[in-house]
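Undergrad: Before I ask anything, here is the structure I am working with.
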Amino acid sequence: MTSAPIGHPVYRDMPATIFEKMSARARETGAINLGQGFPDAQGPDDILSAAADALLNRSNQYPPSAGLPELRQAVAAHYGRHQDLDLRTEEVIVTSGATEAIAASLFALVQPGDEVLLLAPLYDAYLPLVERAGGVARVVRLMPPDWWIRREALEAAVGPRTRLLIFNNPLNPSGSVATQEELAMLASFCVDHDLIAICDEVWEHVTFDGIRHQPLMAFPGMRERTVKIGSAGKIFSLTGWKIGWMCAAAPLATLLGRAHQFLTFTSAPSLQWAVAEGLGKPDAWFAAMRADYQASRDRLVNGLRGAGYAVKESAATWFVTLDLTASGIGLDDVSFCERIIGEAGVAAIPISAFYPDAAVTHLVRLCFSKSDAVIDGAVARLGRFRASIG
């Protein structure tokens, strides 16, 4: 038998993710899980019913690899109505979740040795997917409290082999939203350096305080050089469905579709039909969804502040950040998360897990897409922990 290491080093040398570890410990100990980002509700009844009806009464065989025409049309129409984008059906490719869309985009567009700009903190799938595609990651570090994207930092990282930028907006884990000025700067930067932007915009509908999502694709020069990625799981609080999509100008969409067909090929047709119906919901439904999550955000923030923690409100996503230094807690984020899951019975995620190196270590991410009772229980437990450490 060969003594050579087995497997690709990107995956062979990879530890379990912090999300997997914390969720596993929450299950084992009965801790309240404010770590991994998923709601504790079932999702909208009418969309669930539409999926059940489609499962029983419509086709359960392979849909087209690019997605059901009804869903592709619905995605294009939805973005026309909500974001003033003029997309054609053939410019939409349905995927098995946004992570598959990111993978397909990178596998389709990265050639060995190509450089890809990443903004940290970053979703943990980005870096291994870039490397597995043969790319070289160039990481630009963003810093709290504002997480601003600065042109000089991008210029310092870009080089003659840089081909792509991965841009997550709204940004998980910070819950921040790029400003009009930052978006205009990014568009100019991509045009000047002939870059394609892979835009992970899964949180586009989960914005608060009257903030309206602006897609980078809509900015000058970006229509032909953007891959826009969305997620039904985030829009409709149905994370287990894993229905996502990528939108791009036709030449790009053709390449993306070819990569997608050799990854998952397609996704459950019943779920696709249900999502197509959901995307046609009236504006009032989306406003009510945002208002409900904003109320949950405020409940968690106010509760934690009352318990003696310094917490930064988020402008979007299902997450807020707890500032350990400002809270007067002399622990780094990993140590704090280890202690609260064991001593308080609450799971959270250290922000340092979102940096490949040179991490920020004084912030902790907490998820608020939970019931009032769960939020209140977590606040009470964290309050007792805060009192116990002085």
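Ligands are numbered from 1 in the order shown, residues from 1 within each chain, and chains are lettered A, B, ... in the order they appear in the structure tokens.
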Determine, counting only C-alpha atoms, which protein, DNA and RNA residues have an atom within 9 Å of an atom of Leu186 of chain A; residues of the same chain fewer than 6 positions away are not included. Present the result as a list in words.

TA: Ile149, Arg151 and Leu216 of chain A

Undergrad: May I have the selected residues written with N, CA, C and O atoms, as a CSV table (one decimal), in the first residue's frame?

TA:
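Saved result, result-v4.csv, follows:
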chain,number,residue,atom,x,y,z
A,149,ILE,N,-14.5,49.3,3.0
A,149,ILE,CA,-13.7,48.8,1.9
A,149,ILE,C,-12.9,50.0,1.3
A,149,ILE,O,-13.6,50.9,0.8
A,151,ARG,N,-10.1,51.7,-1.3
A,151,ARG,CA,-9.5,51.5,-2.6
A,151,ARG,C,-8.0,51.2,-2.5
A,151,ARG,O,-7.4,50.4,-3.2
A,216,LEU,N,-24.3,45.3,-6.9
A,216,LEU,CA,-23.2,45.8,-7.6
A,216,LEU,C,-23.4,45.7,-9.2
A,216,LEU,O,-22.9,46.5,-9.9

Undergrad: Please list as JSON, numbers by chain every residue within 10 Å of Phe286 of chain A, counting only C-alpha atoms and excluding residues in the same chain fewer than 6 positions away.

TA: {"A": [205, 206, 235, 236, 279, 292]}

Undergrad: From the options A:Leu34, A:Leu263, A:Ala26, A:Ala291, which residue's atoms come nearest to Ala66 of chain A, counting only C-alpha atoms?

TA: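 When distances to Ala66 of chain A are compared using only C-alpha atoms, the smallest one comes from A:Leu263.
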
Undergrad: DSSP on the backbone, strand (DSSP E or B) only: what residues of segment 36-164 of chain A does that give? Format it as an MDAnalysis selection string.

TA: chainID A and resid 92:95 115:120 136:141 162:164

Undergrad: If you take only C-alpha atoms and a cut-off of 12 Å, which residues of segment 126-196 of chain A touch segment 217-232 of chain A, and what are their nearest atom pairs and distances in Å to one decimal, in chain and number order, as CSV?

TA:
residue,atom,partner,partner_atom,distance
A:Arg163,CA,A:Arg225,CA,10.8
A:Leu164,CA,A:Arg225,CA,9.6
A:Leu165,CA,A:Thr226,CA,9.6
A:Ile166,CA,A:Val227,CA,9.5
A:Phe167,CA,A:Lys228,CA,9.8
A:Asn168,CA,A:Ile229,CA,9.6
A:Asn169,CA,A:Ile229,CA,10.4
A:Pro170,CA,A:Gly230,CA,11.6
A:Gln180,CA,A:Phe219,CA,9.8
A:Glu181,CA,A:Phe219,CA,11.0
A:Glu182,CA,A:Phe219,CA,11.2
A:Leu183,CA,A:Phe219,CA,7.6
A:Ala184,CA,A:Phe219,CA,6.7
A:Met185,CA,A:Phe219,CA,9.8
A:Leu186,CA,A:Phe219,CA,9.2
A:Ala187,CA,A:Phe219,CA,6.3
A:Ser188,CA,A:Gly221,CA,7.7
A:Phe189,CA,A:Gly221,CA,10.2
A:Cys190,CA,A:Met222,CA,7.9
A:Val191,CA,A:Gly221,CA,6.3
A:Asp192,CA,A:Gly221,CA,9.7
A:His193,CA,A:Arg225,CA,11.4
A:Asp194,CA,A:Arg225,CA,8.4
A:Leu195,CA,A:Arg225,CA,7.1
A:Ile196,CA,A:Arg225,CA,4.8

Undergrad: Hey, which of A:Gln36, A:Gln272, A:Thr207, A:Ser49 ends up closest to Ala288 of chain A? Count only C-alpha atoms.

TA: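 Ranking A:Gln36, A:Gln272, A:Thr207, A:Ser49 by distance to Ala288 of chain A, first place goes to A:Thr207.
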
Undergrad: So how many Å separate atom CA of Asp146 of chain A and atom CA of Pro121 of chain A, to one decimal?

TA: 12.4 Å
